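**Student:** Just so it is clear, I am handing over run.cif, which has mmCIF, C-alpha atoms and all ligand atoms.
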data_entry
loop_
_atom_site.label_atom_id
_atom_site.label_comp_id
_atom_site.auth_asym_id
_atom_site.auth_seq_id
_atom_site.Cartn_x
_atom_site.Cartn_y
_atom_site.Cartn_z
CA MET V 1 -7.29 -18.11 7.84
CA GLN V 2 -5.61 -15.18 6.19
CA THR V 3 -1.95 -15.82 5.48
CA ASP V 4 0.64 -13.64 3.79
CA SER V 5 -1.17 -10.47 4.64
CA ARG V 6 -0.76 -6.98 5.99
CA SER V 7 -3.46 -5.56 8.22
CA ARG V 8 -3.67 -1.89 9.10
CA PHE V 9 -5.27 -0.67 12.30
CA LEU V 10 -5.88 2.57 14.11
CA ILE V 11 -5.86 2.98 17.87
CA GLU V 12 -8.15 5.99 17.85
CA SER V 13 -7.93 6.67 21.56
CA CYS V 14 -4.10 6.83 21.36
CA ASP V 15 -3.64 8.68 18.04
CA VAL V 16 -1.53 5.75 16.92
CA ARG V 17 -1.72 3.77 13.72
CA GLY V 18 -0.26 0.36 13.15
CA GLN V 19 0.18 -2.72 11.01
CA VAL V 20 0.54 -6.42 11.49
CA VAL V 21 2.28 -8.49 8.83
CA HIS V 22 2.28 -12.28 8.59
CA LEU V 23 4.25 -14.11 5.90
CA ASP V 24 3.95 -17.87 5.50
CA HIS V 25 4.03 -18.98 1.84
CA CYS V 26 6.19 -16.04 0.97
CA TRP V 27 8.73 -17.01 3.63
CA ALA V 28 8.72 -20.64 2.53
CA GLU V 29 9.31 -19.57 -1.08
CA ALA V 30 12.16 -17.26 -0.13
CA LYS V 31 13.90 -20.03 1.81
CA ALA V 32 13.22 -22.75 -0.75
CA ARG V 33 15.84 -21.32 -3.09
CA ILE V 34 18.82 -20.86 -0.82
CA ASP V 35 19.82 -22.86 2.23
CA TYR V 36 20.36 -20.05 4.75
CA PRO V 37 22.26 -20.59 7.99
CA PRO V 38 19.96 -19.73 10.94
CA ASN V 39 21.37 -16.28 11.73
CA VAL V 40 21.29 -15.26 8.07
CA GLY V 41 17.75 -16.57 7.64
CA SER V 42 16.72 -14.69 10.73
CA VAL V 43 17.84 -11.28 9.44
CA LEU V 44 16.42 -12.04 5.99
CA GLY V 45 13.06 -12.84 7.61
CA GLU V 46 13.17 -9.57 9.53
CA ALA V 47 13.96 -7.72 6.32
CA PHE V 48 10.92 -9.31 4.63
CA ALA V 49 8.73 -8.12 7.48
CA ALA V 50 10.40 -4.70 7.43
CA ALA V 51 9.83 -4.22 3.69
CA ALA V 52 6.20 -5.28 4.02
CA LEU V 53 5.65 -2.82 6.88
CA LEU V 54 7.54 0.01 5.17
CA SER V 55 5.53 -0.31 1.98
CA GLY V 56 2.35 -0.25 4.05
CA THR V 57 3.17 3.14 5.54
CA ILE V 58 3.38 4.96 2.23
CA LYS V 59 1.15 5.44 -0.77
CA PHE V 60 3.07 4.59 -3.92
CA ASP V 61 2.66 2.89 -7.23
CA GLY V 62 5.79 0.94 -8.05
CA LYS V 63 8.52 -0.90 -6.20
CA LEU V 64 10.18 -0.51 -2.80
CA THR V 65 13.61 -2.02 -2.22
CA LEU V 66 15.25 -2.46 1.16
CA GLN V 67 18.94 -3.17 0.78
CA VAL V 68 21.75 -3.60 3.27
CA ARG V 69 25.37 -3.65 2.20
CA GLY V 70 28.43 -3.85 4.37
CA SER V 71 31.76 -5.60 4.84
CA GLY V 72 30.48 -8.08 7.43
CA ASP V 73 29.57 -11.75 7.18
CA VAL V 74 26.39 -10.94 5.26
CA HIS V 75 27.54 -8.56 2.54
CA LEU V 76 24.23 -8.16 0.75
CA LEU V 77 20.63 -8.32 1.85
CA VAL V 78 17.90 -7.23 -0.50
CA VAL V 79 14.12 -7.44 -0.28
CA GLN V 80 11.73 -5.92 -2.79
CA ILE V 81 8.01 -5.38 -2.62
CA THR V 82 5.71 -3.93 -5.25
CA SER V 83 2.70 -1.79 -4.43
CA ASP V 84 0.60 -4.86 -5.41
CA GLY V 85 2.21 -6.79 -2.55
CA ASN V 86 4.54 -9.02 -4.58
CA MET V 87 7.73 -9.74 -2.70
CA ARG V 88 11.11 -11.27 -3.40
CA GLY V 89 14.42 -11.17 -1.59
CA LEU V 90 17.74 -12.81 -0.84
CA ALA V 91 20.88 -12.59 1.26
CA ARG V 92 24.50 -13.28 0.35
CA TRP V 93 26.96 -14.27 3.02
CA LYS V 94 30.62 -15.21 3.44
CA ASN V 95 30.44 -16.74 6.91
CA GLU V 96 27.63 -17.48 9.29
CA PRO V 97 27.41 -14.56 11.74
CA VAL V 98 27.73 -15.48 15.43
CA ASP V 99 24.56 -13.57 16.34
CA THR V 100 21.97 -11.31 14.70
CA ARG V 101 23.13 -7.85 15.78
CA PRO V 102 23.54 -5.66 12.67
CA ALA V 103 27.13 -4.69 13.48
CA VAL V 104 28.03 -8.39 13.67
CA VAL V 105 25.97 -9.53 10.72
CA PHE V 106 26.60 -6.70 8.26
CA GLY V 107 29.73 -5.05 9.66
CA THR V 108 30.10 -1.71 11.43
CA ASP V 109 30.22 0.16 8.10
CA ALA V 110 26.86 -1.20 6.91
CA ARG V 111 24.24 1.06 5.38
CA MET V 112 20.59 0.39 4.84
CA THR V 113 19.13 1.89 1.70
CA ILE V 114 15.43 2.23 1.03
CA THR V 115 14.61 2.96 -2.59
CA ILE V 116 11.17 3.68 -4.00
CA GLU V 117 10.81 3.54 -7.77
CA THR V 118 7.58 4.63 -9.42
CA ASP V 119 6.52 4.98 -13.02
CA GLN V 120 5.54 8.59 -12.37
CA ALA V 121 8.78 9.90 -10.90
CA ALA V 122 11.83 9.96 -13.14
CA GLU V 123 14.19 9.86 -10.17
CA PRO V 124 13.72 7.18 -7.53
CA TYR V 125 13.39 8.28 -3.92
CA GLN V 126 16.27 7.02 -1.83
CA GLY V 127 16.82 7.09 1.93
CA ILE V 128 20.06 5.86 3.46
CA VAL V 129 20.62 5.19 7.15
CA PRO V 130 23.54 3.69 9.04
CA LEU V 131 22.69 0.38 10.67
CA GLU V 132 23.10 1.48 14.25
CA GLY V 133 21.52 -0.19 17.22
CA GLU V 134 21.00 -3.69 18.40
CA SER V 135 18.63 -4.87 15.70
CA LEU V 136 17.23 -4.27 12.27
CA ALA V 137 14.07 -3.08 14.04
CA GLU V 138 16.00 -0.22 15.66
CA ALA V 139 17.42 0.76 12.28
CA ILE V 140 13.91 0.89 10.81
CA GLN V 141 12.71 3.03 13.72
CA HIS V 142 15.64 5.36 13.19
CA TYR V 143 14.79 5.56 9.49
CA PHE V 144 11.23 6.70 10.22
CA LEU V 145 12.37 9.27 12.74
CA VAL V 146 14.90 10.76 10.32
CA SER V 147 12.92 10.55 7.08
CA GLU V 148 9.41 11.33 8.32
CA GLN V 149 9.91 12.72 11.81
CA LEU V 150 7.42 10.13 13.04
CA GLN V 151 7.85 8.14 16.22
CA THR V 152 7.76 4.50 15.21
CA GLN V 153 8.12 1.24 17.04
CA VAL V 154 8.57 -2.07 15.20
CA TYR V 155 8.75 -5.66 16.35
CA PHE V 156 9.81 -8.69 14.33
CA ALA V 157 9.56 -12.40 15.00
CA VAL V 158 10.92 -15.10 12.73
CA SER V 159 10.23 -18.82 13.00
CA ASP V 160 10.85 -21.68 10.60
CA ASN V 161 7.37 -21.34 9.14
CA ARG V 162 6.43 -17.74 9.61
CA VAL V 163 7.69 -14.20 9.65
CA ALA V 164 5.73 -11.63 11.63
CA GLY V 165 6.02 -7.88 11.94
CA PHE V 166 4.22 -5.38 14.12
CA LEU V 167 4.42 -1.62 13.69
CA LEU V 168 3.14 1.30 15.72
CA GLN V 169 3.44 4.87 14.52
CA ALA V 170 2.34 8.09 16.16
CA LEU V 171 -0.09 9.95 13.92
CA PRO V 172 1.17 13.22 12.48
CA THR V 173 -0.12 16.16 14.55
CA SER V 174 -2.49 17.15 11.76
CA GLU V 175 -4.30 13.80 11.99
CA GLN V 176 -4.60 13.54 15.77
CA VAL V 177 -8.11 13.57 17.22
CA ALA V 178 -7.87 12.02 20.67
CA SER V 179 -5.26 14.56 21.80
CA ASP V 180 -4.18 12.16 24.51
CA GLU V 181 -0.62 12.97 25.52
CA ASP V 182 -0.15 9.55 27.05
CA GLY V 183 -1.46 7.71 23.98
CA TRP V 184 1.89 6.89 22.42
CA GLY V 185 3.41 5.75 25.72
CA ARG V 186 0.42 3.56 26.48
CA ALA V 187 0.31 1.96 23.02
CA THR V 188 4.03 1.16 22.99
CA ALA V 189 4.17 -0.04 26.61
CA LEU V 190 1.47 -2.57 25.82
CA ALA V 191 3.17 -3.62 22.57
CA ASP V 192 6.40 -4.18 24.52
CA THR V 193 4.63 -7.01 26.34
CA LEU V 194 4.16 -8.92 23.07
CA THR V 195 6.15 -12.12 22.97
CA ASP V 196 7.67 -13.51 19.76
CA LYS V 197 5.47 -16.54 20.19
CA GLU V 198 2.30 -14.44 20.30
CA LEU V 199 3.38 -12.37 17.34
CA ILE V 200 3.99 -15.54 15.34
CA ASN V 201 1.00 -17.59 16.43
CA GLU V 202 -1.90 -15.24 17.07
CA ASP V 203 -4.10 -13.74 14.40
CA VAL V 204 -4.51 -9.99 14.13
CA GLN V 205 -7.83 -9.79 16.00
CA THR V 206 -6.49 -11.78 18.93
CA LEU V 207 -3.30 -9.72 19.11
CA LEU V 208 -5.15 -6.43 19.07
CA HIS V 209 -7.70 -7.59 21.59
CA ARG V 210 -5.03 -8.87 23.93
CA LEU V 211 -3.12 -5.57 23.80
CA TYR V 212 -5.75 -2.91 23.28
CA HIS V 213 -9.10 -4.16 24.55
CA GLU V 214 -9.35 -1.04 26.71
CA GLU V 215 -8.72 1.28 23.75
CA ARG V 216 -10.83 2.24 20.74
CA VAL V 217 -9.34 0.26 17.87
CA ARG V 218 -10.34 0.16 14.23
CA LEU V 219 -9.06 -2.74 12.13
CA TYR V 220 -9.06 -2.40 8.34
CA ASP V 221 -9.38 -5.13 5.74
CA PRO V 222 -6.09 -6.94 5.16
CA SER V 223 -4.17 -6.73 1.90
CA ARG V 224 -2.61 -9.79 0.35
CA LEU V 225 1.11 -10.29 0.03
CA ALA V 226 2.80 -12.93 -2.11
CA PHE V 227 6.16 -14.13 -3.29
CA ARG V 228 6.44 -13.23 -6.93
CA CYS V 229 9.41 -12.30 -9.00
CA ASN V 230 9.30 -9.67 -11.71
CA CYS V 231 12.02 -11.19 -13.83
CA SER V 232 11.03 -12.02 -17.42
CA ARG V 233 12.39 -13.14 -20.75
CA GLN V 234 11.91 -9.61 -22.00
CA ARG V 235 14.20 -8.22 -19.28
CA THR V 236 16.78 -10.88 -20.00
CA ASP V 237 16.56 -9.98 -23.72
CA GLY V 238 17.39 -6.42 -22.75
CA MET V 239 20.34 -7.55 -20.68
CA LEU V 240 21.80 -9.55 -23.58
CA ILE V 241 21.25 -6.70 -26.02
CA SER V 242 23.17 -4.35 -23.76
CA LEU V 243 25.99 -6.89 -23.59
CA GLY V 244 26.31 -6.70 -27.40
CA GLU V 245 26.12 -9.24 -30.19
CA THR V 246 29.85 -10.04 -30.25
CA GLU V 247 29.98 -10.88 -26.57
CA VAL V 248 26.82 -13.00 -26.69
CA SER V 249 27.87 -14.84 -29.85
CA ASP V 250 31.20 -15.66 -28.20
CA ILE V 251 29.36 -17.33 -25.33
CA ILE V 252 27.20 -19.30 -27.75
CA GLU V 253 30.29 -20.42 -29.65
CA GLU V 254 32.00 -21.53 -26.46
CA LEU V 255 29.10 -23.04 -24.51
CA GLY V 256 26.44 -23.73 -27.13
CA GLU V 257 23.87 -21.67 -25.27
CA VAL V 258 23.42 -18.71 -22.99
CA SER V 259 21.73 -19.54 -19.74
CA ILE V 260 20.74 -16.86 -17.28
CA ALA V 261 19.32 -17.83 -13.91
CA CYS V 262 17.34 -15.44 -11.75
CA GLU V 263 18.80 -15.36 -8.26
CA PHE V 264 15.49 -14.48 -6.66
CA CYS V 265 13.20 -17.14 -8.09
CA ASP V 266 15.38 -19.74 -9.84
CA ALA V 267 13.80 -19.09 -13.24
CA ASN V 268 16.22 -20.04 -15.99
CA TYR V 269 16.30 -18.19 -19.31
CA ARG V 270 18.05 -20.10 -22.07
CA TYR V 271 19.10 -18.89 -25.51
CA ASP V 272 20.55 -21.03 -28.27
CA ALA V 273 22.22 -19.79 -31.47
CA VAL V 274 18.86 -19.35 -33.23
CA ASP V 275 17.40 -17.36 -30.34
CA VAL V 276 20.42 -15.08 -30.24
CA THR V 277 20.33 -14.44 -33.99
CA ALA V 278 16.64 -13.61 -33.79
CA LEU V 279 17.23 -11.36 -30.80
CA PHE V 280 19.85 -9.21 -32.49
CA LYS V 281 18.09 -9.20 -35.85
CA GLY V 282 15.08 -7.67 -34.18
CA PHE V 283 17.19 -5.08 -32.49
CA VAL V 284 17.86 -2.06 -34.65
CA GLY V 285 20.57 0.35 -33.62
CA SER V 286 23.18 -2.04 -32.29
CA ALA V 287 26.43 -0.16 -31.93
CA ASP V 288 28.31 -3.37 -32.43
CA ASN V 289 29.91 -2.56 -35.78
CA SER V 290 33.44 -2.11 -34.61
CA GLY V 291 34.64 -5.63 -35.30
CA ALA V 292 35.68 -7.09 -38.62
CA PRO V 293 32.73 -7.96 -40.87
CA HIS V 294 31.88 -11.65 -41.08
ZN ZN W 301 13.00 -14.20 -11.00
#
Could I get this structure in the form of structure tokens?
**Tutor:**
Amino acid sequence: MQTDSRSRFLIESCDVRGQVVHLDHCWAEAKARIDYPPNVGSVLGEAFAAAALLSGTIKFDGKLTLQVRGSGDVHLLVVQITSDGNMRGLARWKNEPVDTRPAVVFGTDARMTITIETDQAAEPYQGIVPLEGESLAEAIQHYFLVSEQLQTQVYFAVSDNRVAGFLLQALPTSEQVASDEDGWGRATALADTLTDKELINEDVQTLLHRLYHEERVRLYDPSRLAFRCNCSRQRTDGMLISLGETEVSDIIEELGEVSIACEFCDANYRYDAVDVTALFKGFVGSADNSGAPH
């Protein structure tokens, strides 16, 4: 059984492409770190599915970040996925929201930002959409319509053990071959009959057969997804160096060590006095020469 995967498919007779995402281990890992209230966990799960689906619709080499910020109960939601399929994410909340509608969860002023950073492009791509509608799914659909002018329909289902996502997208005119004007309507009407239970429990083949056995469907090999954090000692070194030797030495003097925990994966990076001395010795060009000499 394939878990933590994203499968692409093409409904040739409808000129519609799609994806199914299932996250099991990844979802367990994300929840193992923070004890989320149900309605917060639910939107975080949807965001994991959304990020996995979004990254599957574009060709890129780097990192995609889906972030929601607002003044509501959940003030920060962030999920990242690399082009290799490594995911991480978290939510920060003040109170448990009473339901999962975006306006309630994130506040009416909330914005969803989708950022794509690649090694090739100096400037990251960034798309920002207001979180209108009744669900995160509607916001994602709106994003596709605005940013790519492509009709898109997404479905999410979140259970304790699994997050599932289902996406349908009309092919750009240039790629259409069936030229069936009813294709999009047919594909989405059938997808609307999907229940959360089916989306969670059924494998991709079963789902597609159940919905589209009367259509010509091509299913591609799945790609693996996993929970993996890209934090590292090297990055933490960089963070300390940018803080400056004086600041870091003050912390060492006060606390005996510097300890930096990664919020995504719980990794803990510790530095004692020797580590800190070595770190700044190896760093040429420190601007920290303003203080009195020791
Ligand atoms: Zn980490």
**Student:** Could you please determine the separation between atom ZN of ligand ZN 301 (chain W) and CA of Gln126 (chain V) in Å, to one decimal place?
**Tutor:**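 Computing the Euclidean distance for atom ZN of ligand ZN 301 (chain W) and CA of Gln126 (chain V) yields 23.3 Å.
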**Student:** Would you mind telling me which residue in V:Thr82, V:Thr236, V:Thr3, V:Ser147 lies nearest to Cys26 (chain V) when using all atoms listed in the file?
**Tutor:**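 Among V:Thr82, V:Thr236, V:Thr3, V:Ser147, it is V:Thr3 that comes nearest to Cys26 (chain V).
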**Student:** For each of V:Gly89, V:Pro124, V:Gly133, V:Gly238, take the minimum atom-to-atom distance to ligand ZN 301 (chain W), counting all atoms listed in the file, then give the residue where this is smallest.
**Tutor:**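 Closest to ligand ZN 301 (chain W), using all atoms listed in the file: V:Gly89.
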**Student:** Can you tell me which residues come within 12 Å of ligand ZN 301 (chain W) when counting all atoms listed in the file, ideally as a PyMOL selection string?
**Tutor:** chain V and resi 29-30+33+80+86-90+227-236+260-269
**Student:** Between CA of Ser174 (chain V) and CA of Ser55 (chain V), what is the distance, to one decimal in Å?
**Tutor:**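 Those two atoms sit 21.6 Å apart.
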**Student:** Quick one: contact table of region 117-166 of chain V to region 67-76 of chain V, 10 Å max, nearest atom pair and distance in Å to one decimal per residue, counting all atoms listed in the file, chain and number order, as a Markdown table?
**Tutor:**
| residue | atom | partner | partner_atom | distance |
| --- | --- | --- | --- | --- |
| V:Ile128 | CA | V:Gln67 | CA | 9.5 |
| V:Val129 | CA | V:Val68 | CA | 9.7 |
| V:Pro130 | CA | V:Val68 | CA | 9.5 |
| V:Leu131 | CA | V:Val68 | CA | 8.5 |
**Student:** So, counting all atoms listed in the file, which residue among V:Leu211, V:Ile251, V:Ala170, V:Leu53 is closest to Gln149 (chain V)?
**Tutor:**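 Using all atoms listed in the file, the shortest distance to Gln149 (chain V) belongs to V:Ala170.
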**Student:** Output file request: region 65-82 of chain V, with N, CA and C atoms, as a short mmCIF file (atom, residue, chain, number, x, y, z; two decimals), in the first residue's frame.
**Tutor:**
data_model
loop_
_atom_site.label_atom_id
_atom_site.label_comp_id
_atom_site.auth_asym_id
_atom_site.auth_seq_id
_atom_site.Cartn_x
_atom_site.Cartn_y
_atom_site.Cartn_z
N THR V 65 5.78 27.44 -0.16
CA THR V 65 5.26 27.70 1.18
C THR V 65 3.85 28.25 1.10
N LEU V 66 2.95 27.62 1.79
CA LEU V 66 1.58 28.13 1.91
C LEU V 66 1.46 28.71 3.32
N GLN V 67 1.10 29.98 3.38
CA GLN V 67 1.03 30.62 4.69
C GLN V 67 -0.26 31.40 4.83
N VAL V 68 -0.89 31.29 5.98
CA VAL V 68 -2.06 32.11 6.25
C VAL V 68 -1.80 32.90 7.52
N ARG V 69 -2.02 34.21 7.42
CA ARG V 69 -1.90 35.08 8.59
C ARG V 69 -3.15 35.91 8.72
N GLY V 70 -3.57 36.12 9.94
CA GLY V 70 -4.75 36.95 10.17
C GLY V 70 -4.85 37.27 11.64
N SER V 71 -5.92 37.98 12.01
CA SER V 71 -6.06 38.38 13.41
C SER V 71 -7.03 37.47 14.16
N GLY V 72 -7.39 36.35 13.57
CA GLY V 72 -8.35 35.44 14.19
C GLY V 72 -7.72 34.52 15.23
N ASP V 73 -8.46 33.48 15.59
CA ASP V 73 -8.01 32.54 16.61
C ASP V 73 -6.69 31.86 16.22
N VAL V 74 -6.60 31.47 14.95
CA VAL V 74 -5.35 30.91 14.44
C VAL V 74 -4.63 32.04 13.72
N HIS V 75 -3.54 32.52 14.28
CA HIS V 75 -2.90 33.71 13.69
C HIS V 75 -1.81 33.36 12.71
N LEU V 76 -1.38 32.10 12.73
CA LEU V 76 -0.36 31.69 11.75
C LEU V 76 -0.57 30.22 11.39
N LEU V 77 -0.53 29.98 10.09
CA LEU V 77 -0.57 28.61 9.59
C LEU V 77 0.46 28.57 8.47
N VAL V 78 1.39 27.64 8.57
CA VAL V 78 2.40 27.57 7.52
C VAL V 78 2.71 26.11 7.20
N VAL V 79 2.71 25.80 5.90
CA VAL V 79 3.09 24.47 5.45
C VAL V 79 4.05 24.64 4.28
N GLN V 80 5.15 23.90 4.35
CA GLN V 80 6.15 23.97 3.27
C GLN V 80 6.31 22.61 2.63
N ILE V 81 6.56 22.63 1.34
CA ILE V 81 6.88 21.38 0.64
C ILE V 81 7.99 21.66 -0.37
N THR V 82 8.96 20.78 -0.42
CA THR V 82 10.03 20.94 -1.40
C THR V 82 9.65 20.19 -2.67
#
